[in-house]
Amino acid sequence: MNRPVAFMTDGKLHEECGVFGAYDPTGNHVASSIYYGLFALQHRGQESCGIAVGNTLGPRRILLHKDMGLVSEVFDGNILQRLAGNIGIGHVRYSTSGDSSPQNAQPLVLNYIKGTLGIAHNGNLVNAFKLRQELELSGSIFQTNADTEVIAYHIARERLNAKSAEEAVASAMQRIRGAYSLIVMSPRKLIGVRDPMGFRPLCIGKRDGAYFLASESCALDAVGAEFLRDVAPGEIVTITENGISSQFPYEKVKAAHCIFEYIYFARPDSVIDGIGVYESRLRAGRELARQHPVEADLVVGVPESGSDAALGYSLESHIPYGKAFVKNTYVGRTFIKPTQTERESSVHIKLNVLKHAVFGKRVVMIDDSIVRGTTCAQIVGLLREAGAKEVHVRISSPPFQYPCYFGTDIPTGGQLIANQHSEKEICGIIGADSLGYLAVESLPKIIESRLSYCDACFSGRYPVTVPLEP
């Protein structure tokens with residue numbers, strides 16, 4: 001998992017995972033809270049999920065349940081009741097092609113000479129392949145092909161000489177490179193870690209006496225917790241019965257927050273590093289309207305990812321905003337994929353067009369991205385079949401031209417339509433009357449120039465040295 005994999009069955013981009021942790025020093029069981037937290041993070045991963053719990057007031061053991069499937073498919077009331085403990089971590093995962101197996105489901109739980117350790121990870125390491133080879137040459141045996149196991153081994157090794165679990169984590173951070181937001185559970189502590197560049201989000205919440213760590217603030221809302229703050233880039237937070245402590249063991253570097261969290265990945269009701277995701281998407285839509293105006297009768301968004309930017313486009317352009325698509329929300333991970341010869345029609349099962357809304361109209365269709373172009377072409381085709389007079393496509397991100405090495409399954413260049421074709425050519429391929437992308441230079445405007453960010457998938461400017469293909 002230290003390189004992008006170039007296959008996506010639905011033509012959309014995916015985040016690799018979401019993490020959630022809970023610790024209640026008063027002894028209340030946390031499994032149900034973790035369940036609801038993961039449910040709120042389901043958009044970050046639909047392939048597998050898991051929960052691991054311990055008991056800081058009892059025996060030093062970790063109970064674990066994980067499997068392939070959605071949160072609602074993997075867990076029920078009986079399973080949650082068996083996961084008795086007042087400290088725990090959870091994980092939802094999306095795996096790229098060839099990487100879908102129960103062995104790679106998280107959290108990972110290690111039993112070693114110092115006790116037990118649970119870990120949940122969001123992100124990708126750029127030096128995982130090298131570190132894995134070193135560990136294998138020294139006798140380590142891996143059960144998964146995930147970066148997370150590499151991290152866990154290094155923390156376990158450092159723990160042999162470290163005075164505490166957080167000291168072991170800090171020592172491991174000196175070896176690993178890339179994107180990692182981690183939640184680590186030791187028998188008595190919950191530890192949150194964010195890489196020095198802050199690629200992936202992580203925040204802290206509190207409800208009564210219980211503390212929570214989550215990939216997004218929407219998960220804190222789901223369990224009725226108060227948002228306290230984001231974990232800062234390069235920070236290690238340790239939660240014990242005495243509260244929260246913090247350290248910054250890594251030399252401070254320029255942050256590189258993933259800009260696509262604001263464009264697409266995060267839920268619109270989340271606030272990440274002080275910036276509202278919904279407001280960011282409205283600003284992206286407004287920018288699109290200023291950069292790519294067009295005479296039209298209706299602005300629509302491709303659900304759910306394009307809806308907020310479409311509203312922004314409408315507000316700026318004064319073209320009426322409307323609904324053109326009905327989405328079948330029950331078509332999820334378990335939907336039986338059609339064969340390759342039938343794949344072209346699969347979008348009809350997921351989306352249907354409100355014909356009376358678009359018939360005879362000039363439509364501006366807003367989406368968050370174009371990856372391979374196939375899905376976009378199908379949706380444009382649906383609008384034309386429904387009688388749309390014109391279809392003008394506007395994209396609330398710049399063209400994807402480069403792979404991502406930091407936890408997103410953006411394919412290699414050969415599979416990216418913008419890497420192989422000009423904007424004019426793409427417009428013809430997808431069958432649109434016109435096409436406009438958000439300019440890469442305007443990305444600071446959607447986050448109000450308040451963060452340093454990574455836009456390598458658009459610009460090719462990687463904030464760290466990326467690996468050669470192993």
# chains A, B, ... in the order shown; residues from 1 in each chain; ligands from 1
call {"tool": "select_by_dssp", "arguments": {"residues": "region 345-398 of chain A", "states": "helix (DSSP H, G or I)", "output": "short mmCIF file (atom, residue, chain, number, x, y, z; two decimals) with N, CA, C and O atoms, in the first residue's frame"}}
result
data_model
loop_
_atom_site.label_atom_id
_atom_site.label_comp_id
_atom_site.auth_asym_id
_atom_site.auth_seq_id
_atom_site.Cartn_x
_atom_site.Cartn_y
_atom_site.Cartn_z
N SER A 345 -23.85 0.46 -18.23
CA SER A 345 -25.21 0.77 -17.80
C SER A 345 -25.37 0.82 -16.28
O SER A 345 -26.45 1.08 -15.78
N SER A 346 -24.29 0.57 -15.56
CA SER A 346 -24.41 0.48 -14.10
C SER A 346 -24.84 1.79 -13.47
O SER A 346 -25.47 1.81 -12.41
N VAL A 347 -24.48 2.93 -14.09
CA VAL A 347 -24.86 4.22 -13.51
C VAL A 347 -26.37 4.38 -13.47
O VAL A 347 -26.90 5.08 -12.61
N HIS A 348 -27.11 3.72 -14.37
CA HIS A 348 -28.57 3.81 -14.38
C HIS A 348 -29.17 3.23 -13.11
O HIS A 348 -30.24 3.64 -12.68
N ILE A 349 -28.49 2.26 -12.52
CA ILE A 349 -28.99 1.63 -11.30
C ILE A 349 -28.79 2.54 -10.10
O ILE A 349 -29.59 2.55 -9.17
N LYS A 350 -27.74 3.34 -10.14
CA LYS A 350 -27.44 4.21 -9.01
C LYS A 350 -28.12 5.57 -9.12
O LYS A 350 -28.46 6.19 -8.10
N LYS A 355 -36.87 13.77 -15.31
CA LYS A 355 -37.00 14.24 -16.68
C LYS A 355 -37.71 15.59 -16.78
O LYS A 355 -37.31 16.47 -17.55
N HIS A 356 -38.76 15.76 -15.98
CA HIS A 356 -39.50 17.02 -16.06
C HIS A 356 -38.67 18.21 -15.59
O HIS A 356 -38.95 19.35 -15.96
N ALA A 357 -37.61 17.95 -14.80
CA ALA A 357 -36.78 19.03 -14.27
C ALA A 357 -35.78 19.54 -15.31
O ALA A 357 -35.38 20.71 -15.25
N VAL A 358 -35.37 18.69 -16.26
CA VAL A 358 -34.31 19.07 -17.18
C VAL A 358 -34.76 19.15 -18.64
O VAL A 358 -34.02 19.67 -19.48
N THR A 374 -15.31 7.95 -17.59
CA THR A 374 -16.40 7.05 -17.95
C THR A 374 -17.69 7.40 -17.24
O THR A 374 -18.76 7.52 -17.86
N THR A 375 -17.62 7.57 -15.92
CA THR A 375 -18.82 7.87 -15.15
C THR A 375 -19.41 9.22 -15.55
O THR A 375 -20.63 9.36 -15.70
N CYS A 376 -18.55 10.21 -15.74
CA CYS A 376 -19.03 11.54 -16.12
C CYS A 376 -19.75 11.47 -17.47
O CYS A 376 -20.83 12.08 -17.65
N ALA A 377 -19.20 10.73 -18.40
CA ALA A 377 -19.84 10.59 -19.71
C ALA A 377 -21.20 9.92 -19.60
O ALA A 377 -22.16 10.31 -20.28
N GLN A 378 -21.31 8.94 -18.73
CA GLN A 378 -22.59 8.26 -18.52
C GLN A 378 -23.64 9.22 -17.96
O GLN A 378 -24.80 9.20 -18.38
N ILE A 379 -23.23 10.06 -17.00
CA ILE A 379 -24.19 10.98 -16.37
C ILE A 379 -24.63 12.06 -17.36
O ILE A 379 -25.80 12.44 -17.41
N VAL A 380 -23.68 12.57 -18.14
CA VAL A 380 -24.05 13.51 -19.20
C VAL A 380 -25.05 12.86 -20.14
O VAL A 380 -26.04 13.47 -20.55
N GLY A 381 -24.81 11.59 -20.47
CA GLY A 381 -25.72 10.86 -21.34
C GLY A 381 -27.11 10.74 -20.74
O GLY A 381 -28.12 10.84 -21.46
N LEU A 382 -27.20 10.53 -19.42
CA LEU A 382 -28.50 10.45 -18.76
C LEU A 382 -29.28 11.75 -18.92
O LEU A 382 -30.50 11.74 -19.16
N LEU A 383 -28.58 12.88 -18.75
CA LEU A 383 -29.24 14.17 -18.89
C LEU A 383 -29.75 14.38 -20.32
O LEU A 383 -30.85 14.90 -20.53
N ARG A 384 -28.96 13.99 -21.29
CA ARG A 384 -29.38 14.14 -22.68
C ARG A 384 -30.57 13.23 -23.00
O ARG A 384 -31.51 13.63 -23.68
N GLU A 385 -30.53 12.01 -22.49
CA GLU A 385 -31.65 11.09 -22.69
C GLU A 385 -32.95 11.65 -22.10
O GLU A 385 -34.04 11.38 -22.60
#
call {"tool": "select_by_dssp", "arguments": {"residues": "region 333-425 of chain A", "states": "strand (DSSP E or B)", "output": "PyMOL selection string"}}
result
chain A and resi 351-353+362-367+390-395+408
call {"tool": "write_last_selection", "arguments": {"atoms": "N, CA, C and O atoms", "output": "PDB file, in the first residue's frame"}}
result
ATOM      1  N   LEU A 351     -28.282   6.085 -10.332  1.00  0.00           N
ATOM      2  CA  LEU A 351     -28.862   7.414 -10.531  1.00  0.00           C
ATOM      3  C   LEU A 351     -30.005   7.356 -11.522  1.00  0.00           C
ATOM      4  O   LEU A 351     -29.937   6.634 -12.520  1.00  0.00           O
ATOM      5  N   ASN A 352     -31.029   8.151 -11.267  1.00  0.00           N
ATOM      6  CA  ASN A 352     -32.090   8.336 -12.241  1.00  0.00           C
ATOM      7  C   ASN A 352     -32.358   9.824 -12.373  1.00  0.00           C
ATOM      8  O   ASN A 352     -32.220  10.575 -11.400  1.00  0.00           O
ATOM      9  N   VAL A 353     -32.722  10.261 -13.560  1.00  0.00           N
ATOM     10  CA  VAL A 353     -32.906  11.690 -13.821  1.00  0.00           C
ATOM     11  C   VAL A 353     -34.383  12.053 -13.710  1.00  0.00           C
ATOM     12  O   VAL A 353     -35.265  11.332 -14.186  1.00  0.00           O
ATOM     13  N   ARG A 362     -31.154  24.225 -20.604  1.00  0.00           N
ATOM     14  CA  ARG A 362     -29.691  24.278 -20.649  1.00  0.00           C
ATOM     15  C   ARG A 362     -29.204  24.051 -19.215  1.00  0.00           C
ATOM     16  O   ARG A 362     -29.460  24.873 -18.330  1.00  0.00           O
ATOM     17  N   VAL A 363     -28.499  22.952 -19.020  1.00  0.00           N
ATOM     18  CA  VAL A 363     -28.161  22.509 -17.669  1.00  0.00           C
ATOM     19  C   VAL A 363     -26.661  22.675 -17.405  1.00  0.00           C
ATOM     20  O   VAL A 363     -25.826  22.301 -18.248  1.00  0.00           O
ATOM     21  N   VAL A 364     -26.322  23.232 -16.222  1.00  0.00           N
ATOM     22  CA  VAL A 364     -24.945  23.231 -15.725  1.00  0.00           C
ATOM     23  C   VAL A 364     -24.840  22.101 -14.710  1.00  0.00           C
ATOM     24  O   VAL A 364     -25.518  22.112 -13.679  1.00  0.00           O
ATOM     25  N   MET A 365     -24.021  21.107 -15.009  1.00  0.00           N
ATOM     26  CA  MET A 365     -23.850  19.946 -14.135  1.00  0.00           C
ATOM     27  C   MET A 365     -22.535  20.066 -13.366  1.00  0.00           C
ATOM     28  O   MET A 365     -21.465  20.145 -13.973  1.00  0.00           O
ATOM     29  N   ILE A 366     -22.612  20.080 -12.038  1.00  0.00           N
ATOM     30  CA  ILE A 366     -21.429  20.244 -11.187  1.00  0.00           C
ATOM     31  C   ILE A 366     -21.055  18.912 -10.552  1.00  0.00           C
ATOM     32  O   ILE A 366     -21.897  18.227  -9.980  1.00  0.00           O
ATOM     33  N   ASP A 367     -19.775  18.550 -10.646  1.00  0.00           N
ATOM     34  CA  ASP A 367     -19.256  17.385  -9.941  1.00  0.00           C
ATOM     35  C   ASP A 367     -17.912  17.758  -9.337  1.00  0.00           C
ATOM     36  O   ASP A 367     -17.317  18.792  -9.684  1.00  0.00           O
ATOM     37  N   GLU A 390     -28.905  21.444 -23.455  1.00  0.00           N
ATOM     38  CA  GLU A 390     -27.450  21.573 -23.399  1.00  0.00           C
ATOM     39  C   GLU A 390     -26.980  21.052 -22.049  1.00  0.00           C
ATOM     40  O   GLU A 390     -27.711  21.123 -21.053  1.00  0.00           O
ATOM     41  N   VAL A 391     -25.751  20.545 -22.012  1.00  0.00           N
ATOM     42  CA  VAL A 391     -25.154  20.098 -20.749  1.00  0.00           C
ATOM     43  C   VAL A 391     -23.756  20.700 -20.645  1.00  0.00           C
ATOM     44  O   VAL A 391     -22.868  20.372 -21.450  1.00  0.00           O
ATOM     45  N   HIS A 392     -23.588  21.587 -19.682  1.00  0.00           N
ATOM     46  CA  HIS A 392     -22.306  22.247 -19.438  1.00  0.00           C
ATOM     47  C   HIS A 392     -21.731  21.696 -18.131  1.00  0.00           C
ATOM     48  O   HIS A 392     -22.340  21.855 -17.072  1.00  0.00           O
ATOM     49  N   VAL A 393     -20.593  21.040 -18.218  1.00  0.00           N
ATOM     50  CA  VAL A 393     -20.003  20.387 -17.050  1.00  0.00           C
ATOM     51  C   VAL A 393     -18.995  21.319 -16.383  1.00  0.00           C
ATOM     52  O   VAL A 393     -18.131  21.896 -17.044  1.00  0.00           O
ATOM     53  N   ARG A 394     -19.116  21.445 -15.063  1.00  0.00           N
ATOM     54  CA  ARG A 394     -18.181  22.238 -14.268  1.00  0.00           C
ATOM     55  C   ARG A 394     -17.674  21.367 -13.115  1.00  0.00           C
ATOM     56  O   ARG A 394     -18.457  20.703 -12.443  1.00  0.00           O
ATOM     57  N   ILE A 395     -16.365  21.383 -12.907  1.00  0.00           N
ATOM     58  CA  ILE A 395     -15.714  20.506 -11.933  1.00  0.00           C
ATOM     59  C   ILE A 395     -15.102  21.345 -10.821  1.00  0.00           C
ATOM     60  O   ILE A 395     -14.301  22.252 -11.094  1.00  0.00           O
ATOM     61  N   THR A 408      -4.921   8.150  -0.793  1.00  0.00           N
ATOM     62  CA  THR A 408      -6.027   8.275  -1.741  1.00  0.00           C
ATOM     63  C   THR A 408      -5.743   7.362  -2.925  1.00  0.00           C
ATOM     64  O   THR A 408      -4.608   7.293  -3.378  1.00  0.00           O
TER      65      THR A 408
END
call {"tool": "residues_around", "arguments": {"residues": "Ala284 (chain A)", "least_positions_apart": "2", "cutoff": "7 Å", "atoms": "only C-alpha atoms", "output": "VMD selection string"}}
result
chain A and resid 280 to 282 286 to 288 309 396 446
call {"tool": "write_last_selection", "arguments": {"atoms": "C-alpha atoms", "output": "JSON list (two decimals), in the first residue's frame"}}
result
[["chain", "number", "residue", "atom", "x", "y", "z"],
["A", 280, "SER", "CA", -15.36, 25.40, 1.41],
["A", 281, "ARG", "CA", -17.49, 23.68, -1.21],
["A", 282, "LEU", "CA", -19.77, 26.69, -1.53],
["A", 286, "ARG", "CA", -18.68, 30.40, -6.50],
["A", 287, "GLU", "CA", -15.15, 30.37, -7.91],
["A", 288, "LEU", "CA", -16.27, 28.05, -10.70],
["A", 309, "ALA", "CA", -20.54, 23.31, -5.05],
["A", 396, "SER", "CA", -15.02, 21.87, -8.44],
["A", 446, "ILE", "CA", -11.74, 27.76, -1.00]]
call {"tool": "atom_distance", "arguments": {"atom1": "CA of Arg290 (chain A)", "atom2": "CA of Lys445 (chain A)"}}
result
12.4 Å
call {"tool": "residues_around", "arguments": {"residues": "Tyr402 (chain A)", "least_positions_apart": "2", "cutoff": "9 Å", "atoms": "only C-alpha atoms", "output": "list in words"}}
result
Phe400, Cys404, Ile410, Pro411, Thr412, Gly413, Leu416, Asn419, Ala456, Cys457, Phe458, Ser459 and Gly460 of chain A
call {"tool": "atom_distance", "arguments": {"atom1": "CA of Arg461 (chain A)", "atom2": "CA of Pro293 (chain A)"}}
result
28.9 Å
call {"tool": "atom_distance", "arguments": {"atom1": "CA of Cys427 (chain A)", "atom2": "CA of Asn328 (chain A)"}}
result
27.1 Å
call {"tool": "closest_residue", "arguments": {"among": "A:Phe359, A:Glu251, A:Thr238, A:Phe406", "to": "Ala386 (chain A)", "atoms": "only C-alpha atoms"}}
result
A:Phe359
call {"tool": "closest_atom_pairs", "arguments": {"of": "region 28-142 of chain A", "to": "region 219-222 of chain A", "cutoff": "12 Å", "atoms": "only C-alpha atoms", "output": "Markdown table"}}
result
| residue | atom | partner | partner_atom | distance |
| --- | --- | --- | --- | --- |
| A:Ser32 | CA | A:Ala222 | CA | 11.3 |
| A:Ser33 | CA | A:Ala222 | CA | 8.6 |
| A:Ile34 | CA | A:Ala219 | CA | 9.2 |
| A:Tyr35 | CA | A:Ala222 | CA | 9.9 |
| A:Tyr36 | CA | A:Ala222 | CA | 6.3 |
| A:Gly37 | CA | A:Ala219 | CA | 4.7 |
| A:Leu38 | CA | A:Ala219 | CA | 7.1 |
| A:Phe39 | CA | A:Ala219 | CA | 7.9 |
| A:Ala40 | CA | A:Ala219 | CA | 5.1 |
| A:Leu41 | CA | A:Ala219 | CA | 6.3 |
| A:Gln42 | CA | A:Ala219 | CA | 9.8 |
| A:His43 | CA | A:Ala219 | CA | 11.2 |
| A:Arg44 | CA | A:Ala219 | CA | 11.5 |
| A:Gly90 | CA | A:Ala219 | CA | 11.7 |
call {"tool": "residues_around", "arguments": {"residues": "region 175-178 of chain A", "least_positions_apart": "3", "cutoff": "10 Å", "atoms": "only C-alpha atoms", "output": "compact mmCIF listing (two decimals) with N, CA, C and O atoms, in the first residue's frame"}}
result
# COMPACT_ATOMS: atom_id res chain seq x y z
N ASN A 2 2.11 1.17 -0.40
CA ASN A 2 2.93 2.38 -0.46
C ASN A 2 2.94 2.97 -1.86
O ASN A 2 3.76 3.81 -2.18
N GLY A 123 -4.07 6.72 6.22
CA GLY A 123 -2.99 7.32 5.46
C GLY A 123 -2.14 6.28 4.77
O GLY A 123 -2.45 5.09 4.79
N ASN A 124 -1.06 6.73 4.17
CA ASN A 124 -0.10 5.85 3.49
C ASN A 124 1.32 6.34 3.77
O ASN A 124 1.57 7.54 3.75
N LEU A 125 2.22 5.40 3.99
CA LEU A 125 3.63 5.73 4.17
C LEU A 125 4.34 5.69 2.82
O LEU A 125 4.07 4.80 2.01
N VAL A 126 5.26 6.61 2.60
CA VAL A 126 6.02 6.58 1.35
C VAL A 126 7.24 5.68 1.46
O VAL A 126 7.83 5.32 0.43
N ASN A 127 7.63 5.31 2.68
CA ASN A 127 8.79 4.43 2.84
C ASN A 127 8.40 3.07 3.42
O ASN A 127 9.23 2.36 3.98
N ALA A 128 7.14 2.68 3.29
CA ALA A 128 6.67 1.41 3.87
C ALA A 128 7.37 0.21 3.24
O ALA A 128 7.71 -0.76 3.94
N LEU A 131 10.88 -0.11 4.76
CA LEU A 131 10.83 -0.53 6.16
C LEU A 131 10.38 -1.98 6.29
O LEU A 131 10.89 -2.73 7.13
N ASP A 147 0.34 -0.85 5.38
CA ASP A 147 1.33 -0.01 6.05
C ASP A 147 1.18 -0.08 7.57
O ASP A 147 2.15 0.05 8.31
N VAL A 150 3.43 -2.34 9.48
CA VAL A 150 4.80 -1.82 9.56
C VAL A 150 4.92 -0.85 10.73
O VAL A 150 5.87 -0.90 11.52
N ILE A 151 3.95 0.05 10.86
CA ILE A 151 3.96 1.02 11.96
C ILE A 151 3.87 0.30 13.30
O ILE A 151 4.61 0.60 14.25
N HIS A 154 7.12 -1.30 14.38
CA HIS A 154 8.11 -0.33 14.86
C HIS A 154 7.76 0.20 16.25
O HIS A 154 8.66 0.38 17.09
N ALA A 170 6.69 8.02 19.68
CA ALA A 170 7.54 9.13 19.26
C ALA A 170 8.81 8.62 18.58
O ALA A 170 9.26 9.18 17.57
N SER A 171 9.39 7.55 19.09
CA SER A 171 10.59 6.98 18.47
C SER A 171 10.27 6.38 17.11
O SER A 171 11.04 6.53 16.16
N ALA A 172 9.12 5.73 16.99
CA ALA A 172 8.73 5.15 15.71
C ALA A 172 8.51 6.23 14.66
O ALA A 172 8.78 6.03 13.47
N ASP A 195 0.79 12.92 11.57
CA ASP A 195 2.12 13.09 10.98
C ASP A 195 2.50 14.57 10.93
O ASP A 195 1.66 15.45 11.01
N PRO A 196 3.80 14.87 10.82
CA PRO A 196 4.27 16.26 10.90
C PRO A 196 3.67 17.20 9.86
O PRO A 196 3.65 18.41 10.06
N MET A 197 3.20 16.68 8.74
CA MET A 197 2.61 17.54 7.72
C MET A 197 1.08 17.61 7.82
O MET A 197 0.46 18.43 7.14
N GLY A 198 0.51 16.77 8.65
CA GLY A 198 -0.93 16.84 8.86
C GLY A 198 -1.75 16.49 7.64
O GLY A 198 -2.82 17.07 7.43
N PHE A 199 -1.29 15.53 6.84
CA PHE A 199 -2.00 15.16 5.62
C PHE A 199 -3.47 14.82 5.90
O PHE A 199 -4.37 15.33 5.25
N TYR A 405 0.22 9.47 -3.09
CA TYR A 405 0.95 8.50 -2.27
C TYR A 405 0.60 8.63 -0.79
O TYR A 405 1.29 8.09 0.06
N PHE A 406 -0.47 9.37 -0.49
CA PHE A 406 -0.74 9.75 0.90
C PHE A 406 -2.11 9.31 1.39
O PHE A 406 -2.68 9.93 2.27
N GLY A 407 -2.67 8.23 0.81
CA GLY A 407 -3.90 7.68 1.35
C GLY A 407 -5.11 7.84 0.48
O GLY A 407 -6.23 7.70 0.95
N PRO A 463 5.02 17.17 -1.45
CA PRO A 463 5.69 17.80 -0.30
C PRO A 463 6.79 16.96 0.31
O PRO A 463 7.59 17.46 1.10
N VAL A 464 6.83 15.66 0.01
CA VAL A 464 7.93 14.80 0.42
C VAL A 464 8.35 13.97 -0.78
O VAL A 464 7.60 13.84 -1.76
N THR A 465 9.54 13.40 -0.72
CA THR A 465 10.01 12.55 -1.82
C THR A 465 9.15 11.30 -1.88
O THR A 465 8.95 10.61 -0.89
N VAL A 466 8.62 11.03 -3.07
CA VAL A 466 7.73 9.88 -3.22
C VAL A 466 8.53 8.69 -3.74
O VAL A 466 9.58 8.86 -4.37
call {"tool": "residues_around", "arguments": {"residues": "Leu202 (chain A)", "least_positions_apart": "6", "cutoff": "9 Å", "atoms": "only C-alpha atoms", "output": "list in words"}}
result
Val19, Ser181, Leu182, Gly192, Val193, Arg194, Leu213, Ala214, Ser215, Glu216, Ser217, Asp230, Val231, Ala232, Ile272 and Asp273 of chain A
call {"tool": "write_last_selection", "arguments": {"atoms": "N, CA and C atoms", "output": "mmCIF file, in the first residue's frame"}}
result
data_model
loop_
_atom_site.group_PDB
_atom_site.id
_atom_site.type_symbol
_atom_site.label_atom_id
_atom_site.label_comp_id
_atom_site.auth_asym_id
_atom_site.auth_seq_id
_atom_site.Cartn_x
_atom_site.Cartn_y
_atom_site.Cartn_z
ATOM 1 N N VAL A 19 -10.843 6.642 11.318
ATOM 2 C CA VAL A 19 -10.503 6.076 12.627
ATOM 3 C C VAL A 19 -11.314 6.769 13.716
ATOM 4 N N SER A 181 -2.457 9.377 10.328
ATOM 5 C CA SER A 181 -3.209 9.745 11.515
ATOM 6 C C SER A 181 -3.518 8.434 12.212
ATOM 7 N N LEU A 182 -3.015 8.284 13.419
ATOM 8 C CA LEU A 182 -3.092 7.015 14.148
ATOM 9 C C LEU A 182 -3.870 7.178 15.442
ATOM 10 N N GLY A 192 -3.304 9.498 20.348
ATOM 11 C CA GLY A 192 -3.580 9.999 19.010
ATOM 12 C C GLY A 192 -2.339 10.612 18.406
ATOM 13 N N VAL A 193 -2.077 10.327 17.140
ATOM 14 C CA VAL A 193 -0.859 10.784 16.473
ATOM 15 C C VAL A 193 -1.216 11.327 15.099
ATOM 16 N N ARG A 194 -0.618 12.452 14.755
ATOM 17 C CA ARG A 194 -0.785 13.003 13.412
ATOM 18 C C ARG A 194 0.590 13.300 12.832
ATOM 19 N N LEU A 213 -11.336 10.384 20.035
ATOM 20 C CA LEU A 213 -10.486 10.789 18.919
ATOM 21 C C LEU A 213 -11.190 10.350 17.640
ATOM 22 N N ALA A 214 -11.187 11.204 16.615
ATOM 23 C CA ALA A 214 -11.928 10.870 15.401
ATOM 24 C C ALA A 214 -11.299 11.517 14.185
ATOM 25 N N SER A 215 -11.509 10.867 13.022
ATOM 26 C CA SER A 215 -11.024 11.439 11.772
ATOM 27 C C SER A 215 -11.728 12.743 11.439
ATOM 28 N N GLU A 216 -13.015 12.846 11.793
ATOM 29 C CA GLU A 216 -13.773 14.052 11.479
ATOM 30 C C GLU A 216 -14.672 14.440 12.633
ATOM 31 N N SER A 217 -14.979 15.721 12.722
ATOM 32 C CA SER A 217 -15.814 16.216 13.801
ATOM 33 C C SER A 217 -17.248 15.707 13.709
ATOM 34 N N ASP A 230 -8.504 20.154 17.085
ATOM 35 C CA ASP A 230 -7.822 19.231 16.190
ATOM 36 C C ASP A 230 -6.487 18.824 16.800
ATOM 37 N N VAL A 231 -6.065 17.608 16.526
ATOM 38 C CA VAL A 231 -4.684 17.223 16.825
ATOM 39 C C VAL A 231 -3.810 17.947 15.814
ATOM 40 N N ALA A 232 -2.793 18.638 16.276
ATOM 41 C CA ALA A 232 -1.943 19.433 15.395
ATOM 42 C C ALA A 232 -0.987 18.538 14.614
ATOM 43 N N ILE A 272 -12.676 20.860 9.725
ATOM 44 C CA ILE A 272 -11.330 20.295 9.773
ATOM 45 C C ILE A 272 -10.314 21.420 9.861
ATOM 46 N N ASP A 273 -9.507 21.390 10.896
ATOM 47 C CA ASP A 273 -8.483 22.409 11.121
ATOM 48 C C ASP A 273 -9.075 23.810 11.043
#
call {"tool": "closest_atom_pairs", "arguments": {"of": "region 110-215 of chain A", "to": "region 54-61 of chain A", "cutoff": "10 Å", "atoms": "only C-alpha atoms", "output": "JSON lines"}}
result
{"residue": "A:Asn111", "atom": "CA", "partner": "A:Arg61", "partner_atom": "CA", "distance": 9.2}
{"residue": "A:Gly115", "atom": "CA", "partner": "A:Arg60", "partner_atom": "CA", "distance": 7.7}
{"residue": "A:Thr116", "atom": "CA", "partner": "A:Arg61", "partner_atom": "CA", "distance": 7.0}
{"residue": "A:Leu117", "atom": "CA", "partner": "A:Arg61", "partner_atom": "CA", "distance": 9.4}
{"residue": "A:Gly118", "atom": "CA", "partner": "A:Gly54", "partner_atom": "CA", "distance": 9.3}
{"residue": "A:Met185", "atom": "CA", "partner": "A:Gly54", "partner_atom": "CA", "distance": 8.3}
{"residue": "A:Ser186", "atom": "CA", "partner": "A:Gly54", "partner_atom": "CA", "distance": 8.4}
{"residue": "A:Pro187", "atom": "CA", "partner": "A:Arg60", "partner_atom": "CA", "distance": 5.8}
{"residue": "A:Arg188", "atom": "CA", "partner": "A:Thr56", "partner_atom": "CA", "distance": 5.1}
{"residue": "A:Lys189", "atom": "CA", "partner": "A:Thr56", "partner_atom": "CA", "distance": 8.0}
call {"tool": "residues_around", "arguments": {"residues": "Val184 (chain A)", "least_positions_apart": "2", "cutoff": "6 Å", "atoms": "only C-alpha atoms", "output": "PyMOL selection string"}}
result
chain A and resi 118-119+190-191
call {"tool": "write_last_selection", "arguments": {"atoms": "N, CA, C and O atoms", "output": "compact mmCIF listing (two decimals), in the first residue's frame"}}
result
# COMPACT_ATOMS: atom_id res chain seq x y z
N GLY A 118 -3.12 -2.04 20.32
CA GLY A 118 -4.07 -1.93 19.23
C GLY A 118 -3.80 -0.67 18.44
O GLY A 118 -3.41 0.36 19.01
N ILE A 119 -3.99 -0.73 17.14
CA ILE A 119 -3.67 0.43 16.31
C ILE A 119 -4.65 0.54 15.13
O ILE A 119 -5.02 -0.47 14.52
N LEU A 190 -5.00 5.89 25.66
CA LEU A 190 -5.41 6.09 24.28
C LEU A 190 -4.53 7.19 23.71
O LEU A 190 -4.44 8.28 24.27
N ILE A 191 -3.87 6.90 22.60
CA ILE A 191 -2.88 7.82 22.03
C ILE A 191 -3.28 8.20 20.62
O ILE A 191 -3.58 7.34 19.80
call {"tool": "decode", "arguments": {"residues": "region 210-225 of chain A", "atoms": "C-alpha atoms", "output": "mmCIF file, in the first residue's frame"}}
result
data_model
loop_
_atom_site.group_PDB
_atom_site.id
_atom_site.type_symbol
_atom_site.label_atom_id
_atom_site.label_comp_id
_atom_site.auth_asym_id
_atom_site.auth_seq_id
_atom_site.Cartn_x
_atom_site.Cartn_y
_atom_site.Cartn_z
ATOM 1 C CA ALA A 210 -15.244 10.323 28.281
ATOM 2 C CA TYR A 211 -12.712 11.361 25.622
ATOM 3 C CA PHE A 212 -12.840 10.666 21.904
ATOM 4 C CA LEU A 213 -10.486 10.789 18.919
ATOM 5 C CA ALA A 214 -11.928 10.870 15.401
ATOM 6 C CA SER A 215 -11.024 11.439 11.772
ATOM 7 C CA GLU A 216 -13.773 14.052 11.479
ATOM 8 C CA SER A 217 -15.814 16.216 13.801
ATOM 9 C CA CYS A 218 -19.071 14.788 12.385
ATOM 10 C CA ALA A 219 -18.251 11.559 14.249
ATOM 11 C CA LEU A 220 -18.021 13.495 17.508
ATOM 12 C CA ASP A 221 -21.440 14.971 16.787
ATOM 13 C CA ALA A 222 -22.792 11.461 16.254
ATOM 14 C CA VAL A 223 -21.920 10.434 19.824
ATOM 15 C CA GLY A 224 -22.955 13.724 21.401
ATOM 16 C CA ALA A 225 -19.397 14.785 22.194
#
